[in-house]
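Visitor: Coordinates in model-v1.cif, mmCIF, C-alpha atoms and all ligand atoms, are listed below.
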```
data_target
loop_
_atom_site.group_PDB
_atom_site.id
_atom_site.type_symbol
_atom_site.label_atom_id
_atom_site.label_comp_id
_atom_site.auth_asym_id
_atom_site.auth_seq_id
_atom_site.Cartn_x
_atom_site.Cartn_y
_atom_site.Cartn_z
ATOM 1 C CA MET A 1 81.049 214.727 56.802
ATOM 2 C CA ASN A 2 77.745 216.558 57.038
ATOM 3 C CA ASN A 3 76.283 218.519 59.932
ATOM 4 C CA SER A 4 79.589 220.055 60.938
ATOM 5 C CA THR A 5 79.895 223.179 58.791
ATOM 6 C CA GLY A 6 80.160 226.215 61.026
ATOM 7 C CA ARG A 7 79.358 224.198 64.129
ATOM 8 C CA THR A 8 81.161 224.539 67.421
ATOM 9 C CA ALA A 9 81.862 221.640 69.789
ATOM 10 C CA VAL A 10 82.763 222.065 73.445
ATOM 11 C CA ILE A 11 84.614 219.059 74.856
ATOM 12 C CA THR A 12 85.165 218.699 78.599
ATOM 13 C CA GLY A 13 88.181 216.713 79.713
ATOM 14 C CA ALA A 14 89.915 217.599 76.453
ATOM 15 C CA SER A 15 93.437 217.593 77.877
ATOM 16 C CA SER A 16 94.019 213.852 77.402
ATOM 17 C CA GLY A 17 92.573 210.501 76.379
ATOM 18 C CA ILE A 18 89.128 210.289 74.813
ATOM 19 C CA GLY A 19 88.495 214.040 75.093
ATOM 20 C CA ALA A 20 91.678 215.046 73.257
ATOM 21 C CA ALA A 21 91.049 212.398 70.572
ATOM 22 C CA THR A 22 87.453 213.598 70.165
ATOM 23 C CA ALA A 23 88.630 217.189 69.777
ATOM 24 C CA ARG A 24 91.003 216.145 66.992
ATOM 25 C CA ALA A 25 88.340 214.008 65.280
ATOM 26 C CA LEU A 26 85.684 216.718 65.364
ATOM 27 C CA ALA A 27 88.149 219.365 64.198
ATOM 28 C CA ALA A 28 89.039 217.082 61.270
ATOM 29 C CA ASP A 29 85.311 216.955 60.443
ATOM 30 C CA GLY A 30 85.160 220.754 60.298
ATOM 31 C CA TYR A 31 83.992 221.677 63.805
ATOM 32 C CA ARG A 32 85.460 224.603 65.649
ATOM 33 C CA VAL A 33 86.407 223.166 69.009
ATOM 34 C CA ALA A 34 86.544 224.583 72.516
ATOM 35 C CA LEU A 35 88.731 222.524 74.830
ATOM 36 C CA LEU A 36 87.848 222.493 78.513
ATOM 37 C CA ALA A 37 89.979 220.962 81.295
ATOM 38 C CA ARG A 38 92.051 221.983 84.303
ATOM 39 C CA ARG A 39 95.513 221.489 82.769
ATOM 40 C CA ALA A 40 95.814 224.722 80.819
ATOM 41 C CA ASP A 41 99.194 223.864 79.306
ATOM 42 C CA ARG A 42 97.760 220.720 77.670
ATOM 43 C CA ILE A 43 94.669 222.368 76.187
ATOM 44 C CA ASP A 44 96.655 225.433 75.057
ATOM 45 C CA ALA A 45 99.027 223.136 73.166
ATOM 46 C CA LEU A 46 96.165 221.129 71.665
ATOM 47 C CA ALA A 47 94.298 224.277 70.584
ATOM 48 C CA ALA A 48 97.481 225.513 68.885
ATOM 49 C CA GLU A 49 97.948 222.124 67.171
ATOM 50 C CA ILE A 50 94.346 222.031 65.925
ATOM 51 C CA GLY A 51 94.169 225.690 64.865
ATOM 52 C CA ASN A 52 91.064 226.767 62.903
ATOM 53 C CA GLY A 53 89.844 228.986 65.744
ATOM 54 C CA ALA A 54 90.155 226.326 68.454
ATOM 55 C CA ILE A 55 90.157 227.805 71.940
ATOM 56 C CA ALA A 56 91.287 226.523 75.329
ATOM 57 C CA LEU A 57 88.965 226.951 78.306
ATOM 58 C CA PRO A 58 90.875 226.244 81.515
ATOM 59 C CA ALA A 59 88.157 225.254 83.986
ATOM 60 C CA ASP A 60 87.217 222.733 86.622
ATOM 61 C CA VAL A 61 83.800 221.154 85.989
ATOM 62 C CA THR A 62 83.090 221.259 89.728
ATOM 63 C CA ASP A 63 83.301 225.083 89.642
ATOM 64 C CA ARG A 64 80.049 226.463 88.213
ATOM 65 C CA ASP A 65 81.385 230.031 87.982
ATOM 66 C CA ALA A 66 84.277 228.780 85.850
ATOM 67 C CA LEU A 67 81.815 226.939 83.580
ATOM 68 C CA VAL A 68 79.675 230.064 83.218
ATOM 69 C CA ALA A 69 82.783 232.073 82.293
ATOM 70 C CA ALA A 70 83.717 229.380 79.759
ATOM 71 C CA ALA A 71 80.224 229.444 78.232
ATOM 72 C CA ASP A 72 80.383 233.242 77.965
ATOM 73 C CA ARG A 73 83.664 232.940 76.065
ATOM 74 C CA VAL A 74 82.219 230.308 73.712
ATOM 75 C CA GLN A 75 79.255 232.606 73.009
ATOM 76 C CA ALA A 76 81.419 235.684 72.471
ATOM 77 C CA GLU A 77 84.281 234.109 70.534
ATOM 78 C CA LEU A 78 82.644 231.211 68.667
ATOM 79 C CA GLY A 79 78.967 232.210 68.499
ATOM 80 C CA GLY A 80 77.778 229.565 70.980
ATOM 81 C CA ALA A 81 78.058 225.795 71.365
ATOM 82 C CA ASP A 82 76.239 223.397 69.024
ATOM 83 C CA VAL A 83 77.718 220.279 70.619
ATOM 84 C CA LEU A 84 78.663 219.596 74.230
ATOM 85 C CA VAL A 85 80.683 216.464 74.953
ATOM 86 C CA ASN A 86 80.488 215.698 78.678
ATOM 87 C CA ASN A 87 83.653 213.651 78.910
ATOM 88 C CA ALA A 88 85.563 214.882 81.990
ATOM 89 C CA GLY A 89 85.829 212.043 84.458
ATOM 90 C CA ILE A 90 87.821 210.220 87.087
ATOM 91 C CA MET A 91 87.784 206.531 87.992
ATOM 92 C CA LEU A 92 89.092 206.095 91.532
ATOM 93 C CA LEU A 93 88.418 202.395 92.045
ATOM 94 C CA ALA A 94 89.005 200.555 95.329
ATOM 95 C CA PRO A 95 87.178 198.215 97.697
ATOM 96 C CA PHE A 96 84.403 200.133 99.468
ATOM 97 C CA SER A 97 85.776 201.711 102.654
ATOM 98 C CA SER A 98 85.823 204.942 104.644
ATOM 99 C CA ALA A 99 89.437 205.366 103.586
ATOM 100 C CA GLN A 100 88.152 206.188 100.085
ATOM 101 C CA ARG A 101 85.485 208.687 101.109
ATOM 102 C CA SER A 102 87.144 211.685 99.462
ATOM 103 C CA ASP A 103 87.459 209.666 96.230
ATOM 104 C CA TYR A 104 83.716 208.944 96.328
ATOM 105 C CA ARG A 105 82.835 212.602 96.716
ATOM 106 C CA ALA A 106 85.254 213.591 93.942
ATOM 107 C CA MET A 107 83.801 211.054 91.483
ATOM 108 C CA VAL A 108 80.240 212.197 92.123
ATOM 109 C CA GLU A 109 81.255 215.848 91.839
ATOM 110 C CA VAL A 110 83.231 215.422 88.604
ATOM 111 C CA ASN A 111 81.532 212.569 86.739
ATOM 112 C CA LEU A 112 77.922 213.249 87.622
ATOM 113 C CA LEU A 113 77.477 216.779 88.971
ATOM 114 C CA GLY A 114 80.163 218.135 86.634
ATOM 115 C CA ALA A 115 78.289 216.834 83.592
ATOM 116 C CA ILE A 116 74.952 218.050 84.936
ATOM 117 C CA THR A 117 76.337 221.513 85.675
ATOM 118 C CA ALA A 118 78.111 221.869 82.326
ATOM 119 C CA THR A 119 74.861 220.906 80.599
ATOM 120 C CA GLU A 120 72.634 223.353 82.449
ATOM 121 C CA VAL A 121 75.190 226.108 81.802
ATOM 122 C CA PHE A 122 75.458 225.410 78.041
ATOM 123 C CA LEU A 123 71.836 224.355 77.480
ATOM 124 C CA ASP A 124 70.522 227.614 76.012
ATOM 125 C CA GLN A 125 73.373 227.604 73.495
ATOM 126 C CA LEU A 126 72.657 223.983 72.536
ATOM 127 C CA LYS A 127 68.946 224.636 72.080
ATOM 128 C CA ASP A 128 69.620 227.565 69.804
ATOM 129 C CA GLY A 129 69.630 226.072 66.303
ATOM 130 C CA GLY A 130 69.684 222.308 66.907
ATOM 131 C CA GLY A 131 72.309 220.913 69.231
ATOM 132 C CA ASP A 132 73.875 217.692 70.333
ATOM 133 C CA LEU A 133 74.711 216.469 73.803
ATOM 134 C CA ILE A 134 77.176 213.585 74.030
ATOM 135 C CA ASN A 135 77.463 212.028 77.469
ATOM 136 C CA ILE A 136 80.434 209.755 78.041
ATOM 137 C CA SER A 137 79.249 206.996 80.318
ATOM 138 C CA SER A 138 80.882 203.562 80.471
ATOM 139 C CA VAL A 139 80.280 199.844 80.445
ATOM 140 C CA ALA A 140 80.196 200.599 84.188
ATOM 141 C CA GLY A 141 76.949 202.456 83.507
ATOM 142 C CA ARG A 142 75.347 199.141 82.534
ATOM 143 C CA THR A 143 77.088 196.684 84.835
ATOM 144 C CA ALA A 144 78.769 196.789 88.220
ATOM 145 C CA ARG A 145 81.520 194.743 89.772
ATOM 146 C CA ALA A 146 83.314 194.524 93.111
ATOM 147 C CA SER A 147 85.474 197.602 93.792
ATOM 148 C CA ASN A 148 83.848 199.888 91.232
ATOM 149 C CA GLY A 149 80.631 200.736 93.096
ATOM 150 C CA VAL A 150 80.769 204.514 93.334
ATOM 151 C CA TYR A 151 82.291 204.922 89.866
ATOM 152 C CA ALA A 152 79.503 202.690 88.529
ATOM 153 C CA ALA A 153 76.960 204.724 90.504
ATOM 154 C CA THR A 154 78.101 207.908 88.740
ATOM 155 C CA LYS A 155 77.834 206.239 85.337
ATOM 156 C CA TRP A 156 74.440 204.636 86.081
ATOM 157 C CA GLY A 157 73.430 208.132 87.130
ATOM 158 C CA ILE A 158 74.608 209.534 83.799
ATOM 159 C CA ASN A 159 72.586 206.874 81.975
ATOM 160 C CA GLY A 160 69.318 207.584 83.788
ATOM 161 C CA TRP A 161 69.738 211.332 83.532
ATOM 162 C CA SER A 162 70.592 211.076 79.815
ATOM 163 C CA GLU A 163 67.420 209.142 79.007
ATOM 164 C CA SER A 164 65.311 211.684 80.876
ATOM 165 C CA LEU A 165 67.021 214.559 79.080
ATOM 166 C CA ARG A 166 66.622 212.813 75.722
ATOM 167 C CA GLN A 167 62.864 212.863 76.174
ATOM 168 C CA GLU A 168 62.772 216.452 77.426
ATOM 169 C CA LEU A 169 65.006 217.941 74.769
ATOM 170 C CA LEU A 170 63.852 216.198 71.593
ATOM 171 C CA PRO A 171 63.857 217.193 68.783
ATOM 172 C CA ASP A 172 65.936 220.333 69.384
ATOM 173 C CA VAL A 173 68.853 218.623 71.089
ATOM 174 C CA ARG A 174 69.864 215.039 70.340
ATOM 175 C CA VAL A 175 71.220 213.176 73.360
ATOM 176 C CA THR A 176 73.744 210.403 72.750
ATOM 177 C CA LEU A 177 75.139 208.142 75.406
ATOM 178 C CA ILE A 178 78.549 206.564 74.758
ATOM 179 C CA GLU A 179 79.493 203.553 76.902
ATOM 180 C CA PRO A 180 83.099 202.511 76.302
ATOM 181 C CA GLY A 181 84.823 199.472 77.704
ATOM 182 C CA VAL A 182 88.551 199.550 78.364
ATOM 183 C CA VAL A 183 90.279 202.416 76.546
ATOM 184 C CA ASP A 184 94.013 203.057 76.684
ATOM 185 C CA THR A 185 94.220 206.399 78.526
ATOM 186 C CA GLU A 186 95.677 207.775 81.743
ATOM 187 C CA LEU A 187 92.360 207.120 83.564
ATOM 188 C CA PRO A 188 93.599 204.214 85.776
ATOM 189 C CA SER A 189 96.813 206.055 86.706
ATOM 190 C CA HIS A 190 94.883 208.306 89.117
ATOM 191 C CA ILE A 191 93.558 205.421 91.252
ATOM 192 C CA THR A 192 94.696 206.153 94.815
ATOM 193 C CA ASP A 193 94.550 202.573 96.155
ATOM 194 C CA GLU A 194 97.851 201.119 95.029
ATOM 195 C CA GLU A 195 96.828 197.484 94.891
ATOM 196 C CA THR A 196 93.725 198.294 92.861
ATOM 197 C CA ARG A 197 95.688 200.592 90.561
ATOM 198 C CA LYS A 198 98.190 197.852 89.716
ATOM 199 C CA ALA A 199 95.443 195.269 89.115
ATOM 200 C CA VAL A 200 93.388 197.621 86.934
ATOM 201 C CA GLN A 201 96.459 198.713 84.984
ATOM 202 C CA GLN A 202 97.289 195.071 84.262
ATOM 203 C CA GLY A 203 93.829 194.621 82.766
ATOM 204 C CA TYR A 204 94.291 197.769 80.678
ATOM 205 C CA ASP A 205 97.639 196.461 79.438
ATOM 206 C CA VAL A 206 96.033 193.210 78.222
ATOM 207 C CA ALA A 207 93.183 194.653 76.143
ATOM 208 C CA ALA A 208 92.224 198.210 75.443
ATOM 209 C CA VAL A 209 91.006 200.104 72.423
ATOM 210 C CA LYS A 210 92.542 203.423 71.445
ATOM 211 C CA PRO A 211 90.858 206.708 72.371
ATOM 212 C CA GLU A 212 90.847 207.546 68.651
ATOM 213 C CA GLU A 213 88.560 204.560 68.075
ATOM 214 C CA ILE A 214 86.012 205.982 70.528
ATOM 215 C CA ALA A 215 86.379 209.435 68.976
ATOM 216 C CA GLU A 216 85.586 208.043 65.509
ATOM 217 C CA VAL A 217 82.329 206.604 66.828
ATOM 218 C CA ILE A 218 81.374 209.920 68.449
ATOM 219 C CA ALA A 219 82.085 211.719 65.179
ATOM 220 C CA PHE A 220 79.980 209.139 63.307
ATOM 221 C CA ALA A 221 76.991 209.630 65.635
ATOM 222 C CA LEU A 222 77.215 213.406 65.295
ATOM 223 C CA ALA A 223 77.413 213.188 61.514
ATOM 224 C CA ARG A 224 74.014 211.497 61.133
ATOM 225 C CA PRO A 225 71.318 213.681 59.570
ATOM 226 C CA ARG A 226 69.295 215.671 62.109
ATOM 227 C CA HIS A 227 66.221 213.444 61.815
ATOM 228 C CA LEU A 228 68.220 210.432 63.041
ATOM 229 C CA ALA A 229 69.401 210.201 66.643
ATOM 230 C CA ILE A 230 71.761 207.463 67.793
ATOM 231 C CA ASN A 231 70.830 207.414 71.455
ATOM 232 C CA GLU A 232 73.174 204.841 72.938
ATOM 233 C CA ILE A 233 76.384 203.086 71.928
ATOM 234 C CA LEU A 234 78.062 200.352 74.009
ATOM 235 C CA LEU A 235 81.505 199.482 72.663
ATOM 236 C CA ARG A 236 84.324 197.372 74.095
ATOM 237 C CA PRO A 237 87.499 195.623 73.051
ATOM 238 C CA ALA A 238 86.278 192.482 71.294
ATOM 239 C CA SER A 239 87.982 190.377 73.972
ATOM 240 C CA GLN A 240 86.441 192.193 76.971
ATOM 241 C CA LEU A 241 84.106 189.939 78.938
ATOM 242 C CA GLY A 242 82.208 192.299 81.253
HETATM 243 P P1 LIG A 301 91.760 210.647 81.012
HETATM 244 O O1 LIG A 301 92.218 210.573 82.428
HETATM 245 O O2 LIG A 301 92.780 210.584 79.940
HETATM 246 O O3 LIG A 301 90.881 211.955 80.773
HETATM 247 C C1 LIG A 301 90.066 212.515 81.763
HETATM 248 C C2 LIG A 301 89.849 213.967 81.420
HETATM 249 O O4 LIG A 301 88.970 214.520 82.402
HETATM 250 C C3 LIG A 301 91.132 214.763 81.438
HETATM 251 O O5 LIG A 301 91.145 215.613 80.317
HETATM 252 C C4 LIG A 301 91.019 215.582 82.723
HETATM 253 O O6 LIG A 301 91.631 216.850 82.530
HETATM 254 C C5 LIG A 301 89.497 215.756 82.816
HETATM 255 N N1 LIG A 301 89.076 216.088 84.159
HETATM 256 C C6 LIG A 301 89.198 215.348 85.286
HETATM 257 N N2 LIG A 301 88.726 216.024 86.342
HETATM 258 C C7 LIG A 301 88.289 217.218 85.866
HETATM 259 C C8 LIG A 301 87.698 218.362 86.464
HETATM 260 N N3 LIG A 301 87.448 218.412 87.790
HETATM 261 N N4 LIG A 301 87.373 219.414 85.688
HETATM 262 C C9 LIG A 301 87.637 219.378 84.355
HETATM 263 N N5 LIG A 301 88.177 218.320 83.726
HETATM 264 C C10 LIG A 301 88.512 217.257 84.484
HETATM 265 O O7 LIG A 301 90.712 209.457 80.858
HETATM 266 P P2 LIG A 301 89.697 209.027 79.687
HETATM 267 O O8 LIG A 301 89.953 209.759 78.448
HETATM 268 O O9 LIG A 301 89.722 207.558 79.676
HETATM 269 O O10 LIG A 301 88.308 209.469 80.345
HETATM 270 C C11 LIG A 301 87.360 210.259 79.682
HETATM 271 C C12 LIG A 301 85.978 209.761 80.057
HETATM 272 O O11 LIG A 301 85.796 208.454 79.532
HETATM 273 C C13 LIG A 301 85.702 209.679 81.549
HETATM 274 O O12 LIG A 301 84.409 210.168 81.812
HETATM 275 C C14 LIG A 301 85.764 208.183 81.824
HETATM 276 O O13 LIG A 301 84.972 207.818 82.924
HETATM 277 C C15 LIG A 301 85.230 207.642 80.519
HETATM 278 N N6 LIG A 301 85.555 206.245 80.250
HETATM 279 C C16 LIG A 301 86.860 205.851 80.112
HETATM 280 C C17 LIG A 301 87.147 204.516 79.910
HETATM 281 C C18 LIG A 301 88.549 204.005 79.828
HETATM 282 O O14 LIG A 301 88.744 202.784 79.886
HETATM 283 N N7 LIG A 301 89.575 204.859 79.643
HETATM 284 C C19 LIG A 301 86.090 203.509 79.802
HETATM 285 C C20 LIG A 301 84.752 204.049 79.924
HETATM 286 C C21 LIG A 301 84.520 205.366 80.147
HETATM 287 P P3 LIG A 301 92.415 217.708 83.644
HETATM 288 O O15 LIG A 301 93.060 216.723 84.564
HETATM 289 O O16 LIG A 301 93.372 218.500 82.824
HETATM 290 O O17 LIG A 301 91.359 218.550 84.268
#
```
Mind turning the file's structure into structure tokens?
Ligand code: NDP

Guide:
Amino acid sequence: MNNSTGRTAVITGASSGIGAATARALAADGYRVALLARRADRIDALAAEIGNGAIALPADVTDRDALVAAADRVQAELGGADVLVNNAGIMLLAPFSSAQRSDYRAMVEVNLLGAITATEVFLDQLKDGGGDLINISSVAGRTARASNGVYAATKWGINGWSESLRQELLPDVRVTLIEPGVVDTELPSHITDEETRKAVQQGYDVAAVKPEEIAEVIAFALARPRHLAINEILLRPASQLG
């Protein structure tokens, strides 16, 4: 594929699911990849599997100092980031209630503020030479349903912020919003409300696409020539209603 020679991609949430699949897909296209997540053992193993100069960046996206340290390493060891994939996320669904208040704060801090902070920290690197910002939103960034309100709020937030950034950063940095439907990952396993977790998991067991199928689409968008920007992609299992 074009556009990838000598380019470096930083992927947040690269320790599992869509992030890990995206790291593998971009590495296969010739990118050097930097894998950011909290579970160091997972990203160390993935970096070793991928090889070709891949590095692991153990960091929490809610910790700005850790993101700055990660960006310094990417600059020093890989010559800076050309692509940032803001993928780290949590989906702690439940009926709206005070019992879930720590889940609400965590989702805003990881899904929304984490992406915003990673972007402001890596922005100078992305601007230097023509970059790409991939923001992983969700179908929940375009719709909302009972019991997903705060998760949807973080993803609607990502959508609005992405469109604003797209206008500010063109043509130096292309901004692409990816809005997946149900994808077979560990995402629902972290839901703290047991009843909701079981119900959501049942839905995931019925119809879900593979994280590799989302990764392929991300790689396709990145591979377009620089004069063409794919700004938004909504993709779901063909049988998913909403
Ligand atoms: P996973 O749970 O498999 O992956 C989530 C990733 O986010 C993990 O690598 C996790 O790594 C990382 N992460 C979570 N919290 C933090 C943190 N504080 N700092 C750094 N990394 C963190 O789920 P998915 O692959 O499904 O999710 C990836 C993205 O895709 C999310 O933004 C999600 O909202 C979105 N999405 C997923 C859909 C689905 O159906 N699966 C549908 C639509 C969107 P670690 O725990 O090691 O830090």

Visitor: Could you check which of A:Ser98, A:Gln240, A:Gln167, A:Ser189 is closest to ligand LIG 301 (chain A), using only C-alpha atoms and all ligand atoms?

Guide: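 Among the listed residues, A:Ser189 lies closest to ligand LIG 301 (chain A).
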
Visitor: Out of A:Tyr204, A:Tyr31, A:Tyr104, A:Trp161, which residue has the shortest atom-to-atom distance to ligand LIG 301 (chain A) when counting only C-alpha atoms and all ligand atoms?

Guide: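 Among A:Tyr204, A:Tyr31, A:Tyr104, A:Trp161, it is A:Tyr204 that comes nearest to ligand LIG 301 (chain A).
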
Visitor: Using only C-alpha atoms, which residues sit within 10 Å of A:Thr22 once same-chain residues fewer than 6 positions away are excluded, as a list in words?

Guide: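 The residues that qualify are Ala9, Ile11, Ala14, Ser16, Ala28, Val33, Val85, Asn87, Pro211, Glu212, Glu213, Ile214, Ala215, Glu216, Val217, Ile218 and Ala219 of chain A.
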
Visitor: Using only C-alpha atoms, please write the residues we just selected to a file, as a CSV table (one decimal), keeping the file's coordinate frame.

Guide:
```csv
chain,number,residue,atom,x,y,z
A,9,ALA,CA,81.9,221.6,69.8
A,11,ILE,CA,84.6,219.1,74.9
A,14,ALA,CA,89.9,217.6,76.5
A,16,SER,CA,94.0,213.9,77.4
A,28,ALA,CA,89.0,217.1,61.3
A,33,VAL,CA,86.4,223.2,69.0
A,85,VAL,CA,80.7,216.5,75.0
A,87,ASN,CA,83.7,213.7,78.9
A,211,PRO,CA,90.9,206.7,72.4
A,212,GLU,CA,90.8,207.5,68.7
A,213,GLU,CA,88.6,204.6,68.1
A,214,ILE,CA,86.0,206.0,70.5
A,215,ALA,CA,86.4,209.4,69.0
A,216,GLU,CA,85.6,208.0,65.5
A,217,VAL,CA,82.3,206.6,66.8
A,218,ILE,CA,81.4,209.9,68.4
A,219,ALA,CA,82.1,211.7,65.2
```

Visitor: Need to verify the contact set: A:Gly157, 12 Å, all atoms listed in the file, exclusion of same-chain residues closer than 2 positions in sequence. Can you return it as a list of chain:residue names?

Guide: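 Those residues are A:Met107, A:Val108, A:Glu109, A:Asn111, A:Leu112, A:Leu113, A:Ala115, A:Ile116, A:Asn135, A:Ile136, A:Ser137, A:Ser138, A:Ala140, A:Gly141, A:Arg142, A:Gly149, A:Val150, A:Tyr151, A:Ala152, A:Ala153, A:Thr154, A:Lys155, A:Asn159, A:Gly160, A:Trp161, A:Ser162, A:Glu163, A:Ser164, A:Leu177.
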
Visitor: Taking all atoms of ligand LIG 301 (chain A) that the file lists, what box with edges along x, y and z, padded by 8 Å per side, do you get, with centre and edge lengths in Å to one decimal, as AutoDock Vina command-line options?

Guide:
```
--center_x 88.9 --center_y 211.1 --center_z 83.1 --size_x 25.0 --size_y 32.6 --size_z 25.3
```

Visitor: What does the PyMOL selection byres (((not hetatm)) within 6 of (chain A and resi 301)) select in this file, as a ChimeraX atom specification?

Guide: /A:12-19,37-39,59-62,87-91,110,136-138,180-187

Visitor: Would you translate the PyMOL selection byres (((chain A and resi 93) around 12) and not hetatm) into the concrete set of residues it matches in this file, as a PDB file with C-alpha atoms, in the coordinates of the input?

Guide:
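To be explicit, this is the file written out as part_28.pdb:
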```pdb
ATOM      1  CA  ILE A  90      87.821 210.220  87.087  1.00  0.00           C
ATOM      2  CA  MET A  91      87.784 206.531  87.992  1.00  0.00           C
ATOM      3  CA  LEU A  92      89.092 206.095  91.532  1.00  0.00           C
ATOM      4  CA  ALA A  94      89.005 200.555  95.329  1.00  0.00           C
ATOM      5  CA  PRO A  95      87.178 198.215  97.697  1.00  0.00           C
ATOM      6  CA  PHE A  96      84.403 200.133  99.468  1.00  0.00           C
ATOM      7  CA  SER A  97      85.776 201.711 102.654  1.00  0.00           C
ATOM      8  CA  ALA A  99      89.437 205.366 103.586  1.00  0.00           C
ATOM      9  CA  GLN A 100      88.152 206.188 100.085  1.00  0.00           C
ATOM     10  CA  ARG A 101      85.485 208.687 101.109  1.00  0.00           C
ATOM     11  CA  SER A 102      87.144 211.685  99.462  1.00  0.00           C
ATOM     12  CA  ASP A 103      87.459 209.666  96.230  1.00  0.00           C
ATOM     13  CA  TYR A 104      83.716 208.944  96.328  1.00  0.00           C
ATOM     14  CA  ALA A 106      85.254 213.591  93.942  1.00  0.00           C
ATOM     15  CA  MET A 107      83.801 211.054  91.483  1.00  0.00           C
ATOM     16  CA  ALA A 140      80.196 200.599  84.188  1.00  0.00           C
ATOM     17  CA  ALA A 144      78.769 196.789  88.220  1.00  0.00           C
ATOM     18  CA  ARG A 145      81.520 194.743  89.772  1.00  0.00           C
ATOM     19  CA  ALA A 146      83.314 194.524  93.111  1.00  0.00           C
ATOM     20  CA  SER A 147      85.474 197.602  93.792  1.00  0.00           C
ATOM     21  CA  ASN A 148      83.848 199.888  91.232  1.00  0.00           C
ATOM     22  CA  GLY A 149      80.631 200.736  93.096  1.00  0.00           C
ATOM     23  CA  VAL A 150      80.769 204.514  93.334  1.00  0.00           C
ATOM     24  CA  TYR A 151      82.291 204.922  89.866  1.00  0.00           C
ATOM     25  CA  ALA A 152      79.503 202.690  88.529  1.00  0.00           C
ATOM     26  CA  ALA A 153      76.960 204.724  90.504  1.00  0.00           C
ATOM     27  CA  LEU A 187      92.360 207.120  83.564  1.00  0.00           C
ATOM     28  CA  PRO A 188      93.599 204.214  85.776  1.00  0.00           C
ATOM     29  CA  SER A 189      96.813 206.055  86.706  1.00  0.00           C
ATOM     30  CA  HIS A 190      94.883 208.306  89.117  1.00  0.00           C
ATOM     31  CA  ILE A 191      93.558 205.421  91.252  1.00  0.00           C
ATOM     32  CA  THR A 192      94.696 206.153  94.815  1.00  0.00           C
ATOM     33  CA  ASP A 193      94.550 202.573  96.155  1.00  0.00           C
ATOM     34  CA  GLU A 194      97.851 201.119  95.029  1.00  0.00           C
ATOM     35  CA  GLU A 195      96.828 197.484  94.891  1.00  0.00           C
ATOM     36  CA  THR A 196      93.725 198.294  92.861  1.00  0.00           C
ATOM     37  CA  ARG A 197      95.688 200.592  90.561  1.00  0.00           C
ATOM     38  CA  LYS A 198      98.190 197.852  89.716  1.00  0.00           C
ATOM     39  CA  ALA A 199      95.443 195.269  89.115  1.00  0.00           C
ATOM     40  CA  VAL A 200      93.388 197.621  86.934  1.00  0.00           C
ATOM     41  CA  GLN A 201      96.459 198.713  84.984  1.00  0.00           C
TER      42      GLN A 201
END
```

Visitor: Around (89.9, 225.2, 62.4), as given in the file, which residues come within 7 Å? Count all atoms listed in the file and list them as a count of residues only.

Guide: 8

Visitor: Using only C-alpha atoms, can you tell me which of A:Leu228, A:Leu165, A:Ala34, A:Ala66 comes closest to A:Ile134?

Guide: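 The closest residue to A:Ile134 is A:Leu165.
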
Visitor: Any idea what's packed within 9 Å of stretch 129-131 of chain A, counting all atoms listed in the file, ignoring anything in its chain fewer than 3 positions away? Could you give it as a PyMOL selection string?

Guide: chain A and resi 81-84+123+125-126+171-175+226

Visitor: Hey, can you check how far atom CA of A:Val68 sits from atom CA of A:Val121?

Guide: 6.1 Å

Visitor: Write a file for stretch 130-140 of chain A, containing N, CA and C atoms (output as a PDB file, in the first residue's frame).

Guide:
```pdb
ATOM      1  N   GLY A 130       2.866  16.049   7.377  1.00  0.00           N
ATOM      2  CA  GLY A 130       1.630  15.466   6.849  1.00  0.00           C
ATOM      3  C   GLY A 130       1.182  14.270   7.642  1.00  0.00           C
ATOM      4  N   GLY A 131       0.276  14.472   8.566  1.00  0.00           N
ATOM      5  CA  GLY A 131      -0.113  13.392   9.476  1.00  0.00           C
ATOM      6  C   GLY A 131      -1.543  12.952   9.301  1.00  0.00           C
ATOM      7  N   ASP A 132      -1.885  11.961  10.082  1.00  0.00           N
ATOM      8  CA  ASP A 132      -3.246  11.435  10.103  1.00  0.00           C
ATOM      9  C   ASP A 132      -3.686  11.220  11.537  1.00  0.00           C
ATOM     10  N   LEU A 133      -4.911  11.645  11.817  1.00  0.00           N
ATOM     11  CA  LEU A 133      -5.510  11.390  13.121  1.00  0.00           C
ATOM     12  C   LEU A 133      -6.735  10.516  12.894  1.00  0.00           C
ATOM     13  N   ILE A 134      -6.740   9.346  13.517  1.00  0.00           N
ATOM     14  CA  ILE A 134      -7.883   8.435  13.410  1.00  0.00           C
ATOM     15  C   ILE A 134      -8.554   8.397  14.775  1.00  0.00           C
ATOM     16  N   ASN A 135      -9.783   8.835  14.837  1.00  0.00           N
ATOM     17  CA  ASN A 135     -10.523   8.796  16.099  1.00  0.00           C
ATOM     18  C   ASN A 135     -11.552   7.671  16.060  1.00  0.00           C
ATOM     19  N   ILE A 136     -11.438   6.757  17.014  1.00  0.00           N
ATOM     20  CA  ILE A 136     -12.386   5.643  17.057  1.00  0.00           C
ATOM     21  C   ILE A 136     -13.594   6.075  17.886  1.00  0.00           C
ATOM     22  N   SER A 137     -14.658   6.345  17.182  1.00  0.00           N
ATOM     23  CA  SER A 137     -15.925   6.683  17.825  1.00  0.00           C
ATOM     24  C   SER A 137     -16.759   5.409  17.876  1.00  0.00           C
ATOM     25  N   SER A 138     -18.002   5.472  17.474  1.00  0.00           N
ATOM     26  CA  SER A 138     -18.900   4.322  17.579  1.00  0.00           C
ATOM     27  C   SER A 138     -20.217   4.666  16.892  1.00  0.00           C
ATOM     28  N   VAL A 139     -20.992   3.637  16.594  1.00  0.00           N
ATOM     29  CA  VAL A 139     -22.399   3.878  16.258  1.00  0.00           C
ATOM     30  C   VAL A 139     -23.034   4.720  17.371  1.00  0.00           C
ATOM     31  N   ALA A 140     -22.560   4.518  18.594  1.00  0.00           N
ATOM     32  CA  ALA A 140     -23.078   5.284  19.744  1.00  0.00           C
ATOM     33  C   ALA A 140     -22.698   6.760  19.678  1.00  0.00           C
TER      34      ALA A 140
END
```
